[in-house]
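Novice: This structure is in structure tokens; I'll ask about it shortly.
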Amino acid sequence: MAFRSVAAYAPEGVAAFALGLVGEVFTGRFDFAVCTDRPGPVRTDLGLEVQVDAGLARLATADLVLALPGGRFREPPPAAALTAFQAAYARGTIVAGHCVGAYTLAEAGLLDGRRATTHWRFAADFAARYPAVRLASDVLYVDEGPVVTGAGAAAGLDMCLHLVRREHGAAAANDIARDLVIPPHREGGQAQYVAAPVPDGAQDLRLGAVLAWARDNLHRPITVDELAARALASRRTFLRRFADATGSTPHAWLLAQRLNSAEELLEATDLPVEEVARRVGFSSAGILREHFTRRRGVPPRTYRRAFHLAPR
């Protein structure tokens with residue numbers, strides 16, 4: 001069953017940005033609470049204090065528990081906190097943490113044998129401390145089913161929106177993203193850190209227009225050469241600029257856009273799966289089913305039954 005209640009664990013020195021981030025995503029939409037080791041004032045990394053009224057017992061009643069990054073992440077968390085996370089996992093609660101919040105999950109042993117990520121700055125330290133974890137140091141987030149980890153800073157938004165999308169559907173995640181004025185979906189495998197951003201000026205605008213055109217024309221075949229021509233660039237230059245801007249390849253980006261659109265059509269319309277496949281640019285329902293199942297773990301019809309809304 002999709003999560004309804006969310007508890008975020010705020011250790012001493014909790015990152016104020018992370019606290020605000022999860023609050024923006026979950027407050028007002030879910031039964032959301034922040035908890036800590038001992039209820040009372042908790043100092044953030046900015047030196048400000050926030051009043052946290054819930055203790056660790058709040059983790060026992062939540063469907064989703066989040067480990068927020070704290071300033072003392074190189075020190076083991078209190079034993080009671082680790083026990084609370086272990087107990088939540090044992091109950092079948094979804095457990096997630098982003099940035100150095102992944103250290104808490106690793107200390108609790110919840111990442112052993114699993115893929116996980118953290119902020120790229122701390123990847124080497126994390127890998128040395130937790131050799132049993134299969135670290136993916138260059139991705140935005142990693143979904144291992146009951147345990148999800150995200151990279152640093154704003155990648156926490158991507159992780160949280162992914163969880164909403166996974167459990168409540170694309171429309172719910174898109175509504176939150178619209179409120180936050182951010183892109184609705186970035187694939188977890190996208191690179192954390194882009195070393196060379198797209199140059200300022202006309203090239204920025206041109207590439208943005210090409211991406212917008214591609215989103216509006218997903219129903220038809222789109223080649224790299226066509227995209228490069230629209231960007232007024234050689235194929236080689238376009239591929240480099242595209243990777244710099246998106247951390248992805250055109251093929252992977254187009255596939256993600258097509259699957260995003262398929263999710264929305266499956267939720268919001270009664271179109272047959274064959275027509276959904278045609279509208280998002282797959283040559284057959286079978287090919288859509290193959291890619292969709294690989295991404296979502298269920299075929300399109302099962303997804304529709306879980307997330308279908310009234311037709312628009």
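Following the order of the structure tokens, chains are lettered A, B, ..., residues in each are numbered from 1, and ligands are numbered from 1.
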Which residues in region 46-265 of chain A does DSSP call strand (DSSP E or B)? List them as a VMD selection string.

Specialist: chain A and resid 49 to 52 54 64 to 67 94 to 98 115 to 116 134 to 135 139 141 to 143 147 to 150 191

Novice: What would the file look like if the residues just selected were written as a CSV table (one decimal), in the first residue's frame with N, CA and C atoms?

Specialist:
chain,number,residue,atom,x,y,z
A,49,GLU,N,18.1,27.2,15.7
A,49,GLU,CA,17.5,26.1,16.4
A,49,GLU,C,16.0,25.9,15.9
A,50,VAL,N,15.6,24.7,15.7
A,50,VAL,CA,14.2,24.4,15.4
A,50,VAL,C,13.7,23.5,16.5
A,51,GLN,N,12.4,23.8,16.8
A,51,GLN,CA,11.7,23.0,17.8
A,51,GLN,C,11.2,21.7,17.2
A,52,VAL,N,11.6,20.6,17.7
A,52,VAL,CA,11.1,19.3,17.2
A,52,VAL,C,10.4,18.6,18.4
A,54,ALA,N,8.6,15.7,18.3
A,54,ALA,CA,8.4,14.2,18.2
A,54,ALA,C,9.8,13.5,18.5
A,64,LEU,N,6.8,5.8,5.7
A,64,LEU,CA,8.0,6.1,5.0
A,64,LEU,C,8.9,6.9,6.1
A,65,VAL,N,10.1,6.4,6.3
A,65,VAL,CA,11.0,7.1,7.2
A,65,VAL,C,12.2,7.6,6.5
A,66,LEU,N,12.6,8.9,6.8
A,66,LEU,CA,13.7,9.5,6.1
A,66,LEU,C,14.9,9.8,7.0
A,67,ALA,N,16.1,9.5,6.6
A,67,ALA,CA,17.2,9.9,7.4
A,67,ALA,C,17.8,11.2,6.8
A,94,ILE,N,9.1,1.8,4.2
A,94,ILE,CA,10.1,2.3,3.3
A,94,ILE,C,11.1,3.1,4.0
A,95,VAL,N,12.3,2.9,3.8
A,95,VAL,CA,13.4,3.7,4.5
A,95,VAL,C,14.2,4.4,3.4
A,96,ALA,N,14.5,5.7,3.6
A,96,ALA,CA,15.2,6.4,2.6
A,96,ALA,C,16.1,7.4,3.3
A,97,GLY,N,17.2,7.8,2.6
A,97,GLY,CA,18.0,8.9,3.1
A,97,GLY,C,18.8,9.4,1.9
A,98,HIS,N,19.1,10.8,2.0
A,98,HIS,CA,19.9,11.4,0.9
A,98,HIS,C,21.1,12.1,1.5
A,115,ARG,N,23.0,-1.6,-3.6
A,115,ARG,CA,23.5,-0.4,-4.3
A,115,ARG,C,22.9,0.8,-3.5
A,116,ALA,N,23.8,1.8,-3.4
A,116,ALA,CA,23.4,3.0,-2.7
A,116,ALA,C,24.2,4.2,-3.2
A,134,ARG,N,27.4,-1.5,-2.1
A,134,ARG,CA,27.7,-1.3,-3.5
A,134,ARG,C,27.5,0.1,-3.9
A,135,LEU,N,28.5,1.0,-3.7
A,135,LEU,CA,28.3,2.4,-3.9
A,135,LEU,C,28.2,2.8,-5.4
A,139,VAL,N,25.3,8.9,-9.4
A,139,VAL,CA,23.9,9.0,-9.8
A,139,VAL,C,23.1,9.8,-8.9
A,141,TYR,N,19.9,9.1,-7.5
A,141,TYR,CA,19.3,8.3,-6.5
A,141,TYR,C,19.3,6.8,-6.9
A,142,VAL,N,19.2,6.0,-5.9
A,142,VAL,CA,19.2,4.5,-6.2
A,142,VAL,C,18.0,3.9,-5.5
A,143,ASP,N,17.2,3.2,-6.2
A,143,ASP,CA,16.0,2.6,-5.7
A,143,ASP,C,16.2,1.1,-5.5
A,147,VAL,N,14.5,0.2,0.4
A,147,VAL,CA,15.5,1.2,0.8
A,147,VAL,C,15.9,2.0,-0.4
A,148,VAL,N,15.8,3.3,-0.2
A,148,VAL,CA,16.2,4.3,-1.3
A,148,VAL,C,17.2,5.3,-0.8
A,149,THR,N,18.2,5.6,-1.6
A,149,THR,CA,19.2,6.6,-1.2
A,149,THR,C,19.3,7.6,-2.3
A,150,GLY,N,19.6,8.9,-1.9
A,150,GLY,CA,19.8,9.9,-2.9
A,150,GLY,C,21.1,10.6,-2.7
A,191,ALA,N,23.6,11.7,-14.1
A,191,ALA,CA,24.8,12.1,-13.4
A,191,ALA,C,24.6,13.2,-12.3

Novice: List as an NGL selection string the protein and nucleic acid residues near Arg279 (chain A), meaning an atom at most 9 Å away when only C-alpha atoms are counted, but skip any in the same chain fewer than 4 places from it.

Specialist: :A and (218-220 or 258 or 261-262 or 274-275)

Novice: Selection from above, N, CA and C atoms, as an mmCIF file, in the first residue's frame, can you write it?

Specialist:
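Output file part-v9.cif is given in full below:
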data_model
loop_
_atom_site.group_PDB
_atom_site.id
_atom_site.type_symbol
_atom_site.label_atom_id
_atom_site.label_comp_id
_atom_site.auth_asym_id
_atom_site.auth_seq_id
_atom_site.Cartn_x
_atom_site.Cartn_y
_atom_site.Cartn_z
ATOM 1 N N LEU A 218 7.200 13.519 -29.442
ATOM 2 C CA LEU A 218 7.587 12.169 -29.036
ATOM 3 C C LEU A 218 6.883 11.093 -29.855
ATOM 4 N N HIS A 219 5.758 11.438 -30.490
ATOM 5 C CA HIS A 219 4.992 10.460 -31.247
ATOM 6 C C HIS A 219 5.704 10.005 -32.514
ATOM 7 N N ARG A 220 6.724 10.748 -32.940
ATOM 8 C CA ARG A 220 7.402 10.426 -34.198
ATOM 9 C C ARG A 220 8.849 10.024 -33.942
ATOM 10 N N ARG A 258 9.591 9.566 -23.125
ATOM 11 C CA ARG A 258 8.495 8.742 -23.648
ATOM 12 C C ARG A 258 7.811 7.969 -22.526
ATOM 13 N N SER A 261 5.678 10.330 -20.429
ATOM 14 C CA SER A 261 4.406 10.634 -21.096
ATOM 15 C C SER A 261 3.469 9.436 -21.050
ATOM 16 N N ALA A 262 4.030 8.239 -21.186
ATOM 17 C CA ALA A 262 3.192 7.039 -21.112
ATOM 18 C C ALA A 262 2.549 6.913 -19.739
ATOM 19 N N GLU A 274 -2.136 0.200 -26.810
ATOM 20 C CA GLU A 274 -1.582 0.318 -28.160
ATOM 21 C C GLU A 274 -1.534 1.776 -28.611
ATOM 22 N N GLU A 275 -2.602 2.544 -28.278
ATOM 23 C CA GLU A 275 -2.646 3.953 -28.659
ATOM 24 C C GLU A 275 -1.676 4.776 -27.806
#

Novice: Would you pick out the contacts of Leu163 (chain A) at 9 Å or less, using only C-alpha atoms, so that residues sharing its chain but fewer than 3 positions from it are not included, and give the list as an MDAnalysis selection string?

Specialist: chainID A and resid 143 148 158:160 166:168 173

Novice: Considering only C-alpha atoms, state which residue in the set A:Val34, A:Ala57, A:Arg215, A:Tyr89 is at the smallest distance from Leu227 (chain A).

Specialist: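 Looking at the shortest contact to Leu227 (chain A), the residue is A:Arg215.
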
Novice: Closest to Leu68 (chain A) among A:Ala177, A:Leu19, A:Leu157, A:Ala252, using only C-alpha atoms?

Specialist: A:Leu19

Novice: At what distance in Å, to one decimal, does CA of Pro69 (chain A) lie from CA of Gly13 (chain A)?

Specialist: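 Answer for the CA of Gly13 (chain A) to CA of Pro69 (chain A) separation: 8.3 Å.
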
Novice: Excluding Ala285 (chain A) and residues on its chain fewer than 5 positions from it, collect all residues at most 9 Å away from it, counting only C-alpha atoms, and give them as JSON, numbers by chain.

Specialist: {"A": [273, 274, 275, 276, 277, 278, 290]}

Novice: Please give the complete set of residues from region 216-257 of chain A that DSSP, run on the backbone, assigns to alpha helix (DSSP H), formatted as number ranges by chain.

Specialist: A: 216, 224-230, 235-246, 250-257

Novice: Compile the contact shell of Ser5 (chain A) as an MDAnalysis selection string: residues with an atom at most 10 Å away, counting only C-alpha atoms, same-chain residues fewer than 4 positions apart removed.

Specialist: chainID A and resid 26 29:33 59 61:65

Novice: Taking 4 positions as the minimum chain separation for residues in the same chain, which residues sit within 8 Å of Leu21 (chain A) when counting only C-alpha atoms? Answer as a PDB file with N, CA and C atoms, in the first residue's frame.

Specialist:
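Contents of the output file part_28.pdb:
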ATOM      1  N   PHE A  17      18.671  23.010   4.760  1.00  0.00           N
ATOM      2  CA  PHE A  17      18.164  22.863   3.395  1.00  0.00           C
ATOM      3  C   PHE A  17      17.376  21.563   3.251  1.00  0.00           C
ATOM      4  N   VAL A  25       7.979  18.995   0.173  1.00  0.00           N
ATOM      5  CA  VAL A  25       7.407  17.884  -0.588  1.00  0.00           C
ATOM      6  C   VAL A  25       6.240  17.233   0.152  1.00  0.00           C
ATOM      7  N   GLY A 156      18.046  15.457  -3.251  1.00  0.00           N
ATOM      8  CA  GLY A 156      17.042  14.979  -2.312  1.00  0.00           C
ATOM      9  C   GLY A 156      15.636  15.211  -2.833  1.00  0.00           C
ATOM     10  N   LEU A 157      15.447  16.295  -3.576  1.00  0.00           N
ATOM     11  CA  LEU A 157      14.139  16.539  -4.202  1.00  0.00           C
ATOM     12  C   LEU A 157      13.829  15.457  -5.227  1.00  0.00           C
TER      13      LEU A 157
END

Novice: With a distance cut-off of 12 Å and only C-alpha atoms, select the neighbouring residues of Ala84 (chain A), excluding the residue or stretch itself and same-chain residues fewer than 3 positions from it, and output the selection as an MDAnalysis selection string.

Specialist: chainID A and resid 7 9 35:37 55:62 65:67 77:81 87:91 93 95 104:105 108 110
